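Take a look at the structure below.
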Amino acid sequence: MDQKRLDSRYFPLVLDVVDQGIFTVDPSGLLTSFNKAAERITGFREEEVLGRRCDSIFRTNLCKTVCPLRRSIATGERAQNGRVRIHRKDGQAVLVALSTAPLKTGEGQLLGGVEVFRDISHVEALKRKLDGQYQFEDIVSRNPAMNRIFQILPAVSESTSTILITGASGTGKELVAKAIHNHGARRRRPFVAVNCAALPETLLESELFGYRRGAFTDAKRDKAGRIAQAEGGTLFLDEAGDLPKSLQVKLLRFLQEKSYEPLGSNLTLKADVRVITATHRDLEAMVREGSFREDLFFRLNVLQIALPALSKRPEDIPLLVRHFIQRFREATGKPILDVTPEALSALLRYDYPGNIRELENLIERAFILCNESEIQIECLPPHVAECAGLPAKPAEGEERGLKQLEVEAIRAALASHANNRSRAAKELGIHRSTLLRKMRRHGLLSPGDGP
């Protein structure tokens, strides 16, 4: 008995030797221990976190939905090799792999739960190189036209000029607008979006400029408009091509003078707001037809960013598929890691009239239907599944570069898991059989090496 007590006293010292973050919680989710590796990864000291809820420390998107640790405590089941982005004390996002289990006494009394996690940001960085992935905020692409846009976005973000983003519906115009805002001097101020096509003319005017009490029948009190809400920040006008002529005049005046009058008021207000607009329409053709003011077009079109349709970016489809798989895996907790070659072939062949938004919806639908670790072709709608075929191969020079990066990523994942192939495959986000096939192709398996 004395020996057991002696051993238990040294247990915290043992946890501090481990290079993985480990913490425990009581049944209500309050932190009861936090080892040295957890301190290093999160930036929090143990004395800062004990007695607090773990969701207030890690701040992940799973904390309020399908928390793996909370599920382990509730069900008594273990969860292994989940992935989630946590936020350090300094606000930096860190990708971690985690496993959870309930803590019980020998008699079965529930004491709480334990989570073990480790920083896998280095493997994620290699995966991005492996995919040839270039990313600006949440915009994922290796398409040459998109990468030219990536190159100018930092300079665009630092400017104060009006920007016009063009492209078909679903190409990510609002994502680009948010990225410009987030990388500019106004990033700490509001980003306010208005869809000009979604509101009738009278309501759109009051939404933009606000109104005074009595301006119309239901105006019982003063209300600030979206321009006022965006003070010091960015106003994003989506589908600006749908602005009625009467509002085009008022918007032009605001852009020229940075002043406006709320509906029902004679008082002129000033606003410090950067305006970014977007449209799927051909504004130049609308100017020729007389349905869009030429002077407003020139004011909006100081710098135009044209986003290509997804059908013009086939090399981005595998990247976007993995990007959305990771997002929905983190949001739902479902252990879906990849897509089968047959399903990916169908996704590569489909023409995407709804662009990136449609691809995102397809992956979300697949997450609802899929019960495997890989999305099967049966989880895709029939009109997409029937497109199955062999995907196009990358260019020769591109393929050589990707090969070396793939080898580096595989070696790094194997090294971090003591050559455990199943765990390395999960870390790389691929099936174990896919990992073995890649290892064999790159000469990382000897001829007699078994699975």
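Ligands are numbered from 1 in the order shown, residues from 1 within each chain, and chains are lettered A, B, ... in the order they appear in the structure tokens.
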- Message: For the structure I just gave you, how does DSSP split range 28-206 of chain A - specifically, which residues are alpha helix (DSSP H)? Reply as a PyMOL selection string.
- Response: chain A and resi 36-42+46-49+55-58+68-75+121-130+144-158+173-182+201-206
- Query: Using only C-alpha atoms, which residues sit within 10 Å of Ala74 in chain A once same-chain residues fewer than 2 positions away are excluded, as a PyMOL selection string?
  - Reply: chain A and resi 27+68-72+76-77+102+110+112-113
Residues from the last selection, N, CA and C atoms, saved as an mmCIF file, in the first residue's frame:
data_model
loop_
_atom_site.group_PDB
_atom_site.id
_atom_site.type_symbol
_atom_site.label_atom_id
_atom_site.label_comp_id
_atom_site.auth_asym_id
_atom_site.auth_seq_id
_atom_site.Cartn_x
_atom_site.Cartn_y
_atom_site.Cartn_z
ATOM 1 N N PRO A 27 -15.599 15.201 -14.197
ATOM 2 C CA PRO A 27 -16.797 14.892 -15.007
ATOM 3 C C PRO A 27 -17.514 16.115 -15.557
ATOM 4 N N PRO A 68 -14.639 15.578 -28.561
ATOM 5 C CA PRO A 68 -14.276 14.168 -28.378
ATOM 6 C C PRO A 68 -14.111 13.784 -26.910
ATOM 7 N N LEU A 69 -13.552 14.677 -26.098
ATOM 8 C CA LEU A 69 -13.352 14.352 -24.688
ATOM 9 C C LEU A 69 -14.686 14.260 -23.963
ATOM 10 N N ARG A 70 -15.576 15.195 -24.254
ATOM 11 C CA ARG A 70 -16.897 15.140 -23.622
ATOM 12 C C ARG A 70 -17.639 13.870 -24.036
ATOM 13 N N ARG A 71 -17.456 13.477 -25.303
ATOM 14 C CA ARG A 71 -18.111 12.255 -25.776
ATOM 15 C C ARG A 71 -17.531 11.024 -25.074
ATOM 16 N N SER A 72 -16.195 10.991 -24.880
ATOM 17 C CA SER A 72 -15.574 9.856 -24.182
ATOM 18 C C SER A 72 -16.097 9.741 -22.757
ATOM 19 N N GLY A 76 -18.024 6.480 -22.388
ATOM 20 C CA GLY A 76 -17.053 5.512 -21.899
ATOM 21 C C GLY A 76 -16.157 4.969 -22.988
ATOM 22 N N GLU A 77 -16.227 5.548 -24.199
ATOM 23 C CA GLU A 77 -15.440 5.048 -25.325
ATOM 24 C C GLU A 77 -14.212 5.928 -25.561
ATOM 25 N N PRO A 102 -12.055 7.998 -21.173
ATOM 26 C CA PRO A 102 -12.602 8.288 -19.847
ATOM 27 C C PRO A 102 -11.631 7.840 -18.766
ATOM 28 N N LEU A 110 -16.545 6.958 -12.239
ATOM 29 C CA LEU A 110 -16.061 7.921 -13.227
ATOM 30 C C LEU A 110 -15.369 9.089 -12.530
ATOM 31 N N GLY A 112 -13.516 11.361 -14.557
ATOM 32 C CA GLY A 112 -13.424 12.427 -15.554
ATOM 33 C C GLY A 112 -12.897 11.880 -16.864
ATOM 34 N N GLY A 113 -11.990 12.607 -17.487
ATOM 35 C CA GLY A 113 -11.448 12.168 -18.765
ATOM 36 C C GLY A 113 -10.029 12.663 -18.956
#
- Task: State, in Å with one decimal place, the distance from CA of Asp338 in chain A to CA of Pro381 in chain A.
- Result: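 Here the two named atoms are 17.6 Å from each other.
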- Polymer residues at most 9 Å from Gln326 in chain A, only C-alpha atoms, same-chain spacing of 3 or more positions, as a ChimeraX atom specification: /A:83-84,321-323,329-331,336-338,429
Residues from last step as file, N, CA and C atoms, as a PDB file, in the first residue's frame:
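Printed below is out13.pdb as written:
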ATOM      1  N   ARG A  83      -8.302  15.184 -35.342  1.00  0.00           N
ATOM      2  CA  ARG A  83      -7.537  16.381 -35.708  1.00  0.00           C
ATOM      3  C   ARG A  83      -8.382  17.611 -35.454  1.00  0.00           C
ATOM      4  N   VAL A  84      -7.750  18.621 -34.913  1.00  0.00           N
ATOM      5  CA  VAL A  84      -8.471  19.871 -34.660  1.00  0.00           C
ATOM      6  C   VAL A  84      -7.459  21.003 -34.527  1.00  0.00           C
ATOM      7  N   VAL A 321     -11.063  19.369 -52.177  1.00  0.00           N
ATOM      8  CA  VAL A 321     -11.716  18.202 -51.573  1.00  0.00           C
ATOM      9  C   VAL A 321     -11.114  17.914 -50.206  1.00  0.00           C
ATOM     10  N   ARG A 322      -9.785  17.890 -50.098  1.00  0.00           N
ATOM     11  CA  ARG A 322      -9.130  17.639 -48.813  1.00  0.00           C
ATOM     12  C   ARG A 322      -9.406  18.770 -47.825  1.00  0.00           C
ATOM     13  N   HIS A 323      -9.418  19.997 -48.339  1.00  0.00           N
ATOM     14  CA  HIS A 323      -9.704  21.155 -47.489  1.00  0.00           C
ATOM     15  C   HIS A 323     -11.090  21.033 -46.865  1.00  0.00           C
ATOM     16  N   ARG A 329     -14.685  17.274 -41.088  1.00  0.00           N
ATOM     17  CA  ARG A 329     -14.247  16.334 -40.058  1.00  0.00           C
ATOM     18  C   ARG A 329     -14.141  17.052 -38.711  1.00  0.00           C
ATOM     19  N   GLU A 330     -13.576  18.243 -38.710  1.00  0.00           N
ATOM     20  CA  GLU A 330     -13.457  19.011 -37.481  1.00  0.00           C
ATOM     21  C   GLU A 330     -14.824  19.449 -36.961  1.00  0.00           C
ATOM     22  N   ALA A 331     -15.753  19.749 -37.884  1.00  0.00           N
ATOM     23  CA  ALA A 331     -17.068  20.246 -37.474  1.00  0.00           C
ATOM     24  C   ALA A 331     -17.979  19.130 -36.978  1.00  0.00           C
ATOM     25  N   ILE A 336     -13.698  10.684 -41.168  1.00  0.00           N
ATOM     26  CA  ILE A 336     -13.498  10.567 -42.614  1.00  0.00           C
ATOM     27  C   ILE A 336     -12.193  11.273 -42.967  1.00  0.00           C
ATOM     28  N   LEU A 337     -11.276  10.547 -43.587  1.00  0.00           N
ATOM     29  CA  LEU A 337      -9.935  11.063 -43.822  1.00  0.00           C
ATOM     30  C   LEU A 337      -9.633  11.370 -45.280  1.00  0.00           C
ATOM     31  N   ASP A 338     -10.362  10.742 -46.205  1.00  0.00           N
ATOM     32  CA  ASP A 338      -9.963  10.866 -47.610  1.00  0.00           C
ATOM     33  C   ASP A 338     -11.156  10.543 -48.497  1.00  0.00           C
ATOM     34  N   GLY A 429      -3.605  11.986 -43.616  1.00  0.00           N
ATOM     35  CA  GLY A 429      -4.951  12.145 -44.142  1.00  0.00           C
ATOM     36  C   GLY A 429      -5.265  11.214 -45.298  1.00  0.00           C
TER      37      GLY A 429
END
- Note on the structure: Min atom-atom distance to Gly29 in chain A from the set A:Met439, A:Val94, A:Ile41, A:Leu111, counting only C-alpha atoms, belongs to A:Leu111
- Find the residues near Asn371 in chain A: any atom within 12 Å, counting only C-alpha atoms, skip ones fewer than 5 places away on the same chain, and give them as a PyMOL selection string. chain A and resi 334-337+366+376+378-379
Dump N, CA and C atoms for the selected residues as a CSV table (one decimal), in the first residue's frame?
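Output below, filename again05.csv:
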chain,number,residue,atom,x,y,z
A,334,LYS,N,-16.7,13.2,-37.4
A,334,LYS,CA,-16.7,11.9,-38.2
A,334,LYS,C,-15.3,11.6,-38.7
A,335,PRO,N,-14.8,10.4,-38.5
A,335,PRO,CA,-13.4,10.0,-38.8
A,335,PRO,C,-13.2,9.8,-40.3
A,336,ILE,N,-13.7,10.7,-41.2
A,336,ILE,CA,-13.5,10.6,-42.6
A,336,ILE,C,-12.2,11.3,-43.0
A,337,LEU,N,-11.3,10.5,-43.6
A,337,LEU,CA,-9.9,11.1,-43.8
A,337,LEU,C,-9.6,11.4,-45.3
A,366,ALA,N,-21.7,14.2,-48.7
A,366,ALA,CA,-21.0,12.9,-48.5
A,366,ALA,C,-20.8,12.6,-47.1
A,376,GLN,N,-17.0,7.3,-50.4
A,376,GLN,CA,-17.2,6.4,-51.5
A,376,GLN,C,-18.0,7.1,-52.6
A,378,GLU,N,-20.6,6.1,-54.0
A,378,GLU,CA,-22.0,6.0,-53.7
A,378,GLU,C,-22.6,7.1,-52.9
A,379,CYS,N,-21.6,7.9,-52.2
A,379,CYS,CA,-22.0,9.0,-51.4
A,379,CYS,C,-22.2,10.3,-52.2
- Message: With distances taken over only C-alpha atoms, which residue among A:Ala271, A:Leu283, A:Leu30, A:Leu435 lies nearest Glu406 in chain A?
- Response: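 Closest to Glu406 in chain A of all the choices is A:Leu435.
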- Message: Set the distance at 12 Å and use only C-alpha atoms: which residues neighbour Pro154 in chain A once local chain neighbours fewer than 2 positions away are removed? I'd like the list as a list in words.
- Response: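 What passes the distance filter is Phe136, Glu137, Arg148, Ile149, Phe150, Gln151, Ile152, Val156, Ser157, Glu158, Ser159, Val176, Ala179, Ile180, His181, Asn182, His183, Gly184 and Ala185 of chain A.
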Export, as a PDB file, in the first residue's frame, the selected residues with C-alpha atoms.
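See again-v3.pdb below for the written result:
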ATOM      1  CA  PHE A 136      -4.232  32.922 -48.721  1.00  0.00           C
ATOM      2  CA  GLU A 137      -6.602  32.918 -45.739  1.00  0.00           C
ATOM      3  CA  ARG A 148      -1.177  35.632 -59.550  1.00  0.00           C
ATOM      4  CA  ILE A 149      -4.090  36.945 -57.493  1.00  0.00           C
ATOM      5  CA  PHE A 150      -2.403  35.688 -54.294  1.00  0.00           C
ATOM      6  CA  GLN A 151       0.714  37.659 -55.219  1.00  0.00           C
ATOM      7  CA  ILE A 152      -1.131  40.975 -55.467  1.00  0.00           C
ATOM      8  CA  VAL A 156      -4.270  45.299 -52.430  1.00  0.00           C
ATOM      9  CA  SER A 157      -4.970  44.771 -48.718  1.00  0.00           C
ATOM     10  CA  GLU A 158      -2.695  47.635 -47.704  1.00  0.00           C
ATOM     11  CA  SER A 159      -4.289  50.083 -50.131  1.00  0.00           C
ATOM     12  CA  VAL A 176     -11.376  37.193 -51.305  1.00  0.00           C
ATOM     13  CA  ALA A 179      -8.944  38.114 -47.030  1.00  0.00           C
ATOM     14  CA  ILE A 180      -8.299  41.661 -48.267  1.00  0.00           C
ATOM     15  CA  HIS A 181      -9.933  43.063 -45.133  1.00  0.00           C
ATOM     16  CA  ASN A 182      -8.114  40.699 -42.767  1.00  0.00           C
ATOM     17  CA  HIS A 183      -4.678  41.574 -44.155  1.00  0.00           C
ATOM     18  CA  GLY A 184      -5.151  45.328 -44.223  1.00  0.00           C
ATOM     19  CA  ALA A 185      -4.968  48.139 -41.690  1.00  0.00           C
TER      20      ALA A 185
END
- Tell me, as a ChimeraX atom specification, which residues lie within 7 Å of Thr340 in chain A, counting only C-alpha atoms; anything in the same chain fewer than 4 positions away does not count. /A:344,374-376
- If you count only C-alpha atoms, which residues fall within 8 Å of Glu358 in chain A, apart from same-chain ones fewer than 5 positions away, as a PyMOL selection string? chain A and resi 170+352-353
Now that the selection is made, can you save its residues with C-alpha atoms as a CSV table (one decimal), in the first residue's frame?
chain,number,residue,atom,x,y,z
A,170,GLY,CA,-19.8,30.3,-56.0
A,352,TYR,CA,-19.4,22.4,-61.4
A,353,PRO,CA,-21.9,24.9,-62.7
- List every residue of range 115-276 of chain A that DSSP, applied to the backbone, labels as strand (DSSP E), and write the result as a PyMOL selection string. chain A and resi 115-119+134-136+139-141+163-166+191-195+234-238+259-260+269-270+274-276
Store the residues picked out above in a file with C-alpha atoms, as a short mmCIF file (atom, residue, chain, number, x, y, z; two decimals), in the first residue's frame.
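New file part-v6.cif:
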data_model
loop_
_atom_site.label_atom_id
_atom_site.label_comp_id
_atom_site.auth_asym_id
_atom_site.auth_seq_id
_atom_site.Cartn_x
_atom_site.Cartn_y
_atom_site.Cartn_z
CA GLU A 115 -6.81 13.91 -23.53
CA VAL A 116 -3.42 13.38 -25.18
CA PHE A 117 -2.47 15.71 -28.02
CA ARG A 118 0.55 16.69 -30.09
CA ASP A 119 1.44 19.46 -32.48
CA TYR A 134 -0.86 27.74 -51.92
CA GLN A 135 -3.22 29.37 -49.49
CA PHE A 136 -4.23 32.92 -48.72
CA ILE A 139 -8.62 30.51 -50.36
CA VAL A 140 -6.94 27.32 -51.55
CA SER A 141 -5.38 27.08 -54.99
CA ILE A 163 -11.93 46.94 -55.36
CA LEU A 164 -14.22 45.16 -57.82
CA ILE A 165 -14.22 41.34 -57.62
CA THR A 166 -15.78 39.57 -60.59
CA PHE A 191 -16.32 43.58 -42.03
CA VAL A 192 -19.94 44.12 -43.06
CA ALA A 193 -21.43 42.26 -46.04
CA VAL A 194 -24.61 43.17 -47.94
CA ASN A 195 -26.10 41.08 -50.74
CA THR A 234 -14.88 47.39 -44.77
CA LEU A 235 -18.28 47.37 -46.48
CA PHE A 236 -18.65 44.48 -48.92
CA LEU A 237 -21.39 44.93 -51.51
CA ASP A 238 -22.02 41.55 -53.10
CA SER A 259 -20.91 61.17 -46.83
CA TYR A 260 -24.54 60.06 -46.90
CA LEU A 269 -23.17 61.98 -42.00
CA LYS A 270 -19.52 61.21 -42.71
CA ARG A 274 -13.51 51.03 -47.44
CA VAL A 275 -15.83 49.62 -50.09
CA ILE A 276 -15.25 46.30 -51.86
#
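Take the candidates A:Val25, A:Leu95, A:Leu303, A:Val17 and check each one against Arg52 in chain A using only C-alpha atoms; the shortest distance goes to A:Val25.
Remark: for Arg327 in chain A, the closest of the candidate residues A:Arg281, A:Ala93, A:Thr32, A:Phe367 is A:Phe367 (distances computed over only C-alpha atoms).
CA of Leu98 in chain A sits 9.6 Å away from CA of Ile22 in chain A.
Nearest-residue note for Arg45 in chain A: choosing from A:Arg142, A:Arg59, A:Lys104, A:Arg88, the minimum distance belongs to A:Arg88, counting only C-alpha atoms.
A straight line drawn from CA of Ile317 in chain A to CA of Leu444 in chain A is 27.7 Å long.
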